[in-house]
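Undergrad: Here you go, this is entry13.cif (mmCIF, C-alpha atoms).
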data_data
#
loop_
_atom_site.label_atom_id
_atom_site.label_comp_id
_atom_site.auth_asym_id
_atom_site.auth_seq_id
_atom_site.Cartn_x
_atom_site.Cartn_y
_atom_site.Cartn_z
CA MET U 1 50.17 172.08 29.01
CA PRO U 2 50.56 171.17 32.71
CA TYR U 3 47.39 170.01 34.43
CA ALA U 4 46.55 168.52 37.80
CA THR U 5 43.44 166.36 38.13
CA ALA U 6 40.89 166.98 40.88
CA LYS U 7 39.14 164.15 42.71
CA ASP U 8 36.15 164.43 40.37
CA GLY U 9 38.28 164.43 37.23
CA VAL U 10 38.36 168.19 36.58
CA HIS U 11 41.66 169.31 35.06
CA LEU U 12 43.37 172.28 36.72
CA TYR U 13 45.94 174.26 34.75
CA PHE U 14 48.99 175.44 36.68
CA GLU U 15 52.33 177.11 36.10
CA GLU U 16 55.39 176.99 38.33
CA ALA U 17 58.75 178.69 38.67
CA GLY U 18 61.78 178.49 40.94
CA SER U 19 62.91 175.97 43.52
CA GLY U 20 62.89 175.69 47.29
CA THR U 21 60.08 175.49 49.84
CA PRO U 22 56.81 175.54 47.84
CA ILE U 23 54.35 178.44 47.76
CA LEU U 24 50.91 177.83 46.26
CA PHE U 25 48.97 180.91 45.10
CA LEU U 26 45.15 180.89 45.06
CA HIS U 27 43.38 183.63 43.09
CA GLU U 28 40.23 185.67 43.70
CA PHE U 29 36.91 185.51 41.82
CA ALA U 30 37.78 188.20 39.27
CA ALA U 31 41.27 186.81 38.57
CA ASP U 32 43.02 183.65 37.39
CA TYR U 33 46.51 182.20 37.61
CA THR U 34 48.01 185.02 35.52
CA ASN U 35 47.28 187.64 38.18
CA TRP U 36 49.98 186.20 40.43
CA GLU U 37 52.73 186.98 37.92
CA PRO U 38 54.31 189.77 40.06
CA GLN U 39 54.53 187.29 42.93
CA LEU U 40 55.87 184.40 40.85
CA ARG U 41 58.63 186.60 39.48
CA TYR U 42 59.56 187.79 42.97
CA PHE U 43 59.20 184.73 45.17
CA SER U 44 60.61 182.23 42.66
CA ARG U 45 64.06 183.63 43.42
CA ALA U 46 64.06 181.59 46.62
CA HIS U 47 60.96 179.35 46.51
CA ARG U 48 59.17 176.90 44.27
CA CYS U 49 56.10 178.90 43.23
CA ILE U 50 52.89 177.45 41.78
CA ALA U 51 49.84 179.35 40.54
CA TYR U 52 46.79 177.60 39.11
CA SER U 53 43.44 178.54 37.65
CA ALA U 54 40.48 177.34 39.67
CA ARG U 55 37.82 175.17 38.06
CA GLY U 56 35.70 177.35 35.80
CA TYR U 57 38.67 179.49 34.80
CA ALA U 58 40.30 178.63 31.48
CA PRO U 59 42.60 176.99 30.65
CA SER U 60 41.34 174.82 33.53
CA ASP U 61 38.18 172.82 32.82
CA VAL U 62 34.82 174.58 32.98
CA PRO U 63 32.33 171.96 34.23
CA PRO U 64 28.76 172.71 33.11
CA SER U 65 26.99 172.07 36.43
CA PRO U 66 27.07 174.54 39.35
CA ASP U 67 26.83 171.53 41.66
CA VAL U 68 30.59 170.95 41.31
CA TYR U 69 31.57 174.50 42.26
CA THR U 70 31.10 174.30 46.02
CA TYR U 71 33.66 175.63 48.46
CA GLN U 72 34.55 172.01 49.25
CA HIS U 73 35.50 171.47 45.60
CA PHE U 74 37.68 174.57 45.62
CA TYR U 75 39.75 173.76 48.70
CA THR U 76 40.18 170.12 47.74
CA ASP U 77 41.33 171.31 44.30
CA ALA U 78 44.20 173.13 46.02
CA LEU U 79 45.16 169.85 47.68
CA ALA U 80 44.89 168.07 44.32
CA VAL U 81 47.44 170.45 42.83
CA LEU U 82 49.82 169.75 45.72
CA ASP U 83 49.25 166.01 45.34
CA HIS U 84 49.92 166.11 41.61
CA LEU U 85 53.22 167.89 42.22
CA GLU U 86 54.06 165.51 45.08
CA ILE U 87 54.26 168.41 47.51
CA GLU U 88 53.67 167.29 51.08
CA LYS U 89 53.54 170.76 52.59
CA ALA U 90 53.43 174.33 51.27
CA HIS U 91 52.87 177.96 52.13
CA LEU U 92 49.45 179.00 50.80
CA VAL U 93 48.97 182.60 49.64
CA GLY U 94 45.38 183.51 48.80
CA LEU U 95 43.37 186.55 47.82
CA SER U 96 39.64 186.79 48.61
CA MET U 97 38.10 183.55 47.28
CA GLY U 98 41.58 182.05 47.41
CA SER U 99 41.95 183.11 51.03
CA TYR U 100 38.70 181.40 51.95
CA SER U 101 39.93 178.20 50.29
CA SER U 102 43.28 178.49 52.10
CA LEU U 103 41.45 178.80 55.41
CA GLN U 104 39.40 175.70 54.58
CA VAL U 105 42.61 173.76 53.90
CA ALA U 106 43.85 174.82 57.35
CA LEU U 107 40.58 173.64 58.88
CA HIS U 108 40.53 170.26 57.13
CA ALA U 109 44.14 169.39 56.26
CA PRO U 110 46.44 171.49 58.48
CA GLN U 111 49.29 169.02 58.02
CA ARG U 112 49.63 170.26 54.42
CA LEU U 113 50.46 173.85 55.39
CA HIS U 114 53.59 175.63 56.48
CA SER U 115 51.58 178.85 56.65
CA MET U 116 48.70 180.72 55.06
CA THR U 117 48.41 184.30 53.88
CA LEU U 118 44.79 185.46 53.88
CA ALA U 119 44.51 188.69 51.85
CA GLY U 120 41.22 190.47 51.21
CA VAL U 121 39.36 187.79 53.11
CA GLY U 122 35.76 187.56 54.28
CA SER U 123 33.58 189.70 52.01
CA GLY U 124 29.97 188.60 52.24
CA SER U 125 30.40 187.22 55.75
CA SER U 126 28.04 189.58 57.56
CA LEU U 127 25.30 187.42 59.09
CA GLU U 128 22.94 190.39 59.11
CA HIS U 129 23.25 190.80 55.34
CA LEU U 130 24.06 187.21 54.36
CA ASP U 131 20.77 186.54 52.57
CA ASP U 132 21.14 189.74 50.57
CA PHE U 133 24.72 188.84 49.65
CA ARG U 134 23.70 185.40 48.43
CA ALA U 135 20.82 186.85 46.43
CA GLN U 136 23.22 189.31 44.80
CA CYS U 137 25.59 186.46 43.93
CA ARG U 138 22.76 184.56 42.25
CA ALA U 139 21.74 187.70 40.37
CA THR U 140 25.31 188.22 39.19
CA ALA U 141 25.41 184.60 38.02
CA GLU U 142 22.34 185.27 35.89
CA GLN U 143 23.99 188.39 34.48
CA PHE U 144 27.03 186.38 33.42
CA GLU U 145 24.71 183.94 31.66
CA THR U 146 22.49 186.53 29.97
CA LEU U 147 24.81 189.51 29.37
CA GLY U 148 28.23 187.86 29.22
CA SER U 149 31.56 188.56 30.89
CA VAL U 150 32.25 191.80 29.03
CA GLU U 151 29.19 193.56 30.46
CA VAL U 152 29.57 192.14 33.96
CA ALA U 153 33.22 193.25 34.05
CA LYS U 154 32.06 196.83 33.47
CA VAL U 155 30.03 196.63 36.68
CA THR U 156 32.57 194.70 38.75
CA ARG U 157 35.35 197.20 38.04
CA GLU U 158 33.23 199.93 39.67
CA ALA U 159 32.67 198.02 42.95
CA PRO U 160 33.70 200.11 45.98
CA GLY U 161 36.59 197.86 47.05
CA ARG U 162 38.07 198.07 43.55
CA ILE U 163 38.07 201.85 43.17
CA PRO U 164 41.38 202.38 45.06
CA PHE U 165 43.10 200.28 42.36
CA LEU U 166 41.59 202.57 39.70
CA VAL U 167 42.65 205.72 41.54
CA LYS U 168 46.31 204.77 42.03
CA ASP U 169 46.92 202.64 38.91
CA PRO U 170 44.43 203.27 36.07
CA ARG U 171 46.51 201.28 33.60
CA GLY U 172 46.79 198.24 35.86
CA HIS U 173 43.08 198.50 36.69
CA ALA U 174 42.18 198.57 32.99
CA ASP U 175 44.35 195.56 32.20
CA PHE U 176 42.87 193.58 35.10
CA TYR U 177 39.26 194.12 34.05
CA ALA U 178 40.01 193.58 30.38
CA ALA U 179 41.19 190.13 31.45
CA LEU U 180 38.00 189.58 33.49
CA ALA U 181 35.97 190.43 30.39
CA ARG U 182 37.59 187.45 28.67
CA HIS U 183 36.64 184.95 31.40
CA ASP U 184 34.35 182.07 30.55
CA ALA U 185 30.85 183.34 31.38
CA ARG U 186 29.54 179.91 32.32
CA GLY U 187 32.47 179.27 34.65
CA SER U 188 32.02 182.66 36.33
CA ALA U 189 28.27 182.11 36.70
CA ASN U 190 28.78 178.68 38.23
CA THR U 191 31.42 180.01 40.63
CA MET U 192 29.08 182.78 41.72
CA ARG U 193 26.17 180.42 42.19
CA GLY U 194 28.08 177.51 43.75
CA PHE U 195 31.02 178.93 45.69
CA GLN U 196 30.15 182.54 46.43
CA ALA U 197 26.46 182.05 47.19
CA GLY U 198 26.93 178.73 48.96
CA ARG U 199 29.95 179.09 51.24
CA PRO U 200 29.37 179.39 55.01
CA SER U 201 30.08 182.76 56.59
CA ILE U 202 33.40 182.70 58.44
CA TYR U 203 31.51 184.00 61.48
CA THR U 204 29.78 180.61 61.74
CA LEU U 205 33.17 178.84 61.89
CA ALA U 206 34.53 180.49 65.05
CA GLU U 207 34.81 177.31 67.11
CA ALA U 208 36.72 175.47 64.38
CA ILE U 209 38.91 178.47 63.57
CA ARG U 210 40.01 178.78 67.21
CA LYS U 211 41.53 175.28 66.96
CA VAL U 212 43.74 176.20 63.97
CA SER U 213 47.40 176.55 64.89
CA THR U 214 48.74 177.23 61.37
CA PRO U 215 50.83 180.41 61.17
CA ALA U 216 48.63 182.98 59.45
CA LEU U 217 49.13 186.43 58.00
CA ILE U 218 45.95 188.42 57.40
CA ILE U 219 46.24 191.38 55.01
CA CYS U 220 43.47 193.90 54.40
CA GLY U 221 43.20 197.15 52.50
CA ASP U 222 41.91 199.90 54.77
CA GLU U 223 39.44 200.95 52.05
CA ASP U 224 38.16 197.41 51.46
CA ASP U 225 35.20 197.93 53.78
CA ALA U 226 33.65 194.47 53.32
CA CYS U 227 36.82 192.76 54.57
CA ILE U 228 37.83 194.91 57.55
CA ALA U 229 35.53 193.33 60.16
CA PRO U 230 36.19 189.74 58.96
CA SER U 231 39.94 190.40 59.08
CA LEU U 232 39.67 191.61 62.67
CA PHE U 233 37.52 188.57 63.49
CA LEU U 234 40.17 186.21 62.13
CA LYS U 235 42.92 188.03 64.02
CA THR U 236 40.93 187.48 67.21
CA HIS U 237 40.26 183.79 66.61
CA LEU U 238 43.35 182.46 64.80
CA ALA U 239 45.88 181.74 67.53
CA ALA U 240 49.03 182.18 65.42
CA SER U 241 47.93 185.12 63.29
CA GLY U 242 49.22 188.57 62.51
CA LEU U 243 47.26 191.36 60.85
CA SER U 244 48.48 194.02 58.43
CA PHE U 245 46.42 196.86 56.97
CA PHE U 246 47.62 198.46 53.75
CA PRO U 247 46.87 202.20 53.76
CA LYS U 248 44.72 203.74 51.01
CA SER U 249 44.19 200.30 49.51
CA GLY U 250 41.25 198.24 48.34
CA HIS U 251 40.66 194.61 47.42
CA VAL U 252 43.16 193.69 44.70
CA LEU U 253 46.14 193.91 47.04
CA ASN U 254 48.74 191.85 45.20
CA LEU U 255 48.40 194.01 42.06
CA GLU U 256 47.42 197.29 43.67
CA GLU U 257 50.48 197.33 45.95
CA PRO U 258 52.76 194.57 44.59
CA ALA U 259 55.99 195.76 46.23
CA LEU U 260 54.37 196.15 49.66
CA PHE U 261 52.51 192.86 49.28
CA ASN U 262 55.66 190.97 48.32
CA GLU U 263 57.73 192.51 51.11
CA THR U 264 55.08 191.80 53.75
CA VAL U 265 54.53 188.20 52.71
CA GLU U 266 58.25 187.56 52.29
CA ARG U 267 58.97 188.73 55.82
CA PHE U 268 56.14 186.56 57.18
CA ILE U 269 57.33 183.45 55.37
CA ALA U 270 60.93 184.05 56.48
CA ILE U 271 59.86 184.27 60.13
CA VAL U 272 57.75 181.10 59.78
CA GLU U 273 60.63 179.21 58.19
CA ALA U 274 62.92 180.36 61.00
CA GLY U 275 60.47 178.86 63.51
CA ARG U 276 59.77 182.24 65.06
CA TRP U 277 56.08 182.85 64.22
CA HIS U 278 54.34 181.71 67.39
CA PRO U 279 50.81 181.85 68.78
CA ARG U 280 50.05 185.01 70.70
CA ASP U 281 51.58 185.12 74.16
CA PRO U 282 48.71 185.09 76.70
CA ARG U 283 50.47 187.79 78.68
CA SER U 284 49.80 190.28 75.85
CA VAL U 285 46.04 189.80 76.04
CA MET U 286 44.07 192.39 78.01
CA THR U 287 41.63 190.90 80.47
#
So that I can check it, write out the structure of this file as structure tokens.
TA:
Amino acid sequence: MPYATAKDGVHLYFEEAGSGTPILFLHEFAADYTNWEPQLRYFSRAHRCIAYSARGYAPSDVPPSPDVYTYQHFYTDALAVLDHLEIEKAHLVGLSMGSYSSLQVALHAPQRLHSMTLAGVGSGSSLEHLDDFRAQCRATAEQFETLGSVEVAKVTREAPGRIPFLVKDPRGHADFYAALARHDARGSANTMRGFQAGRPSIYTLAEAIRKVSTPALIICGDEDDACIAPSLFLKTHLAASGLSFFPKSGHVLNLEEPALFNETVERFIAIVEAGRWHPRDPRSVMT
């Protein structure tokens, strides 16, 4: 099986398909590498596509300590996958947790990116409710440890941002959460406790984000309430960003609307590769 090795020795399972300019896909908390299959099948026609499971998500290693599940570990793991494959530069396509990690790569290693797609980004960023969000993450971690993934999946699938997926595609929704129920409970608990409860709010990173020149596409479902304000914030502060809202859509955008997601990202990447995705022209800004 193909594995990359992180800086601390954790093994990260990946799969790849196609050839051309690389695209690295980074999954959300409730997913793993398999949930990018509609994108690997589509984009591998013209690109080298790589999807990997984050630490804590089998068949990647599941370290026992939550201390090695920080957001720094997650974004440097993405770089470790690129290093293992001897990829100098790639397009990064992330969803939720994967979007946060993609943004961190842009903040700390911008030379490794052609572009970044930030889908469903920023839940839990509200400074007003940050303590409550972190407490909920810690409580969910305890539920994974005491009740197991099967029971937690029953609750997660009913979260408000995930209902639009259920409404429009009950079969896809059921398959997605059946997969979540099979996740390693310890890995999910550690990710909740280390990454989700420990990451800085994107609102505290405004100064650093304003310095990022990486071409960025922000995608948000218009019924993913927790991500709407953060998406608008990133549009305001990322100089070379565009923002797309998917109508009647929630959080799981790449599976909920795979055709629209693929078309939108493909157009963005094509414009970037043509050298035509520029920072916003100051003349278009109202003063």
Undergrad: Report the residues retrieved by the PyMOL selection byres ((chain U and resi 170-179) around 10) from the displayed file, expressed as an mmCIF file with C-alpha atoms, keeping the file's coordinate frame.
TA:
data_model
loop_
_atom_site.group_PDB
_atom_site.id
_atom_site.type_symbol
_atom_site.label_atom_id
_atom_site.label_comp_id
_atom_site.auth_asym_id
_atom_site.auth_seq_id
_atom_site.Cartn_x
_atom_site.Cartn_y
_atom_site.Cartn_z
ATOM 1 C CA ALA U 30 37.780 188.200 39.270
ATOM 2 C CA ALA U 31 41.270 186.810 38.570
ATOM 3 C CA ASP U 32 43.020 183.650 37.390
ATOM 4 C CA THR U 34 48.010 185.020 35.520
ATOM 5 C CA ASN U 35 47.280 187.640 38.180
ATOM 6 C CA SER U 149 31.560 188.560 30.890
ATOM 7 C CA VAL U 150 32.250 191.800 29.030
ATOM 8 C CA VAL U 152 29.570 192.140 33.960
ATOM 9 C CA ALA U 153 33.220 193.250 34.050
ATOM 10 C CA LYS U 154 32.060 196.830 33.470
ATOM 11 C CA VAL U 155 30.030 196.630 36.680
ATOM 12 C CA THR U 156 32.570 194.700 38.750
ATOM 13 C CA ARG U 157 35.350 197.200 38.040
ATOM 14 C CA ARG U 162 38.070 198.070 43.550
ATOM 15 C CA ILE U 163 38.070 201.850 43.170
ATOM 16 C CA PRO U 164 41.380 202.380 45.060
ATOM 17 C CA PHE U 165 43.100 200.280 42.360
ATOM 18 C CA LEU U 166 41.590 202.570 39.700
ATOM 19 C CA VAL U 167 42.650 205.720 41.540
ATOM 20 C CA LYS U 168 46.310 204.770 42.030
ATOM 21 C CA ASP U 169 46.920 202.640 38.910
ATOM 22 C CA LEU U 180 38.000 189.580 33.490
ATOM 23 C CA ALA U 181 35.970 190.430 30.390
ATOM 24 C CA ARG U 182 37.590 187.450 28.670
ATOM 25 C CA HIS U 183 36.640 184.950 31.400
ATOM 26 C CA VAL U 252 43.160 193.690 44.700
ATOM 27 C CA LEU U 255 48.400 194.010 42.060
ATOM 28 C CA GLU U 256 47.420 197.290 43.670
#
Undergrad: Quick one: residues within 7 Å of Thr70 in chain U, all atoms listed in the file counted, chain neighbours fewer than 4 positions away excluded, as a PyMOL selection string?
TA: chain U and resi 74+194-195+198
Undergrad: Which one is closest to Tyr33 in chain U: U:Arg276, U:Arg267, U:Arg55, U:Arg112? Count only C-alpha atoms.
TA: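 Closest residue, counting only C-alpha atoms: U:Arg55.
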Undergrad: Between CA of Glu15 in chain U and CA of Val105 in chain U, what is the distance in Å, rounded to a tenth?
TA: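 Distance reported for this atom pair: 20.6 Å.
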Undergrad: Quick one: apply the PyMOL selection byres ((chain U and resi 214) around 10) to the file and drop the selected residues here as a count of residues only.
TA: 24
Undergrad: Using all atoms listed in the file, can you tell me which of U:His237, U:Arg41, U:Arg48, U:Arg186 comes closest to Thr204 in chain U?
TA: U:His237
Undergrad: If we count only C-alpha atoms and set the cut-off at 9 Å, which residues sit around Ser126 in chain U, ignoring sequence neighbours fewer than 2 positions away in its own chain? Please answer as a ChimeraX atom specification.
TA: /U:122-124,128-130,133,201-203,226,229-230
Undergrad: Starting from the displayed file, determine the output of the PyMOL selection byres ((chain U and resi 193) around 12) and express the residue list as a ChimeraX atom specification.
TA: /U:29,56,65-71,133-145,186-192,194-199
Undergrad: Provide the CA of Arg45 in chain U to CA of Pro258 in chain U distance in Å, to one decimal place.
TA: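 Separating CA of Arg45 in chain U from CA of Pro258 in chain U is a distance of 15.8 Å.
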Undergrad: Of the candidates U:Gly242, U:Gly250, U:Gly9, U:Pro282, which shows the shortest atom-to-atom distance to Gly120 in chain U, using all atoms listed in the file?
TA: U:Gly250
Undergrad: So that I can see what lies close to Tyr75 in chain U, please list as a list of chain:residue names the residues with an atom at most 8 Å from it, counting all atoms listed in the file and leaving out residues fewer than 3 positions away in the same chain.
TA: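 Counting only the stated atoms, we get U:Tyr71, U:Gln72, U:Ala78, U:Leu79, U:Ser101, U:Ser102, U:Gln104, U:Val105.
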Undergrad: Report, in Å to a single decimal, how far apart CA of Arg210 in chain U and CA of His108 in chain U are.
TA: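 CA of His108 in chain U sits 13.2 Å away from CA of Arg210 in chain U.
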Undergrad: Would you list the residues near (55.3, 181.6, 50.3), meaning any protein, DNA or RNA residue with an atom at most 8 Å from that point in file coordinates, counting all atoms listed in the file, as a count of residues only?
TA: 15
Undergrad: Rank U:Ala17, U:Leu234, U:Ala109, U:Ile218 by their smallest atom-to-atom distance to Lys89 in chain U, using all atoms listed in the file, and report the top residue only.
TA: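 Counting all atoms listed in the file, the residue closest to Lys89 in chain U is U:Ala109.
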Undergrad: Point out the residue among U:Leu40, U:Leu118, U:Ala159, U:Leu205 with the least atom-to-atom distance to Ser244 in chain U, counting all atoms listed in the file.
TA: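 Of the candidates, the smallest distance to Ser244 in chain U is held by U:Leu118.
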Undergrad: So which residues touch Ser99 in chain U within 7 Å, counting all atoms listed in the file, skipping near sequence neighbours fewer than 5 positions away, as an NGL selection string?
TA: :U and (94 or 118-119 or 121)
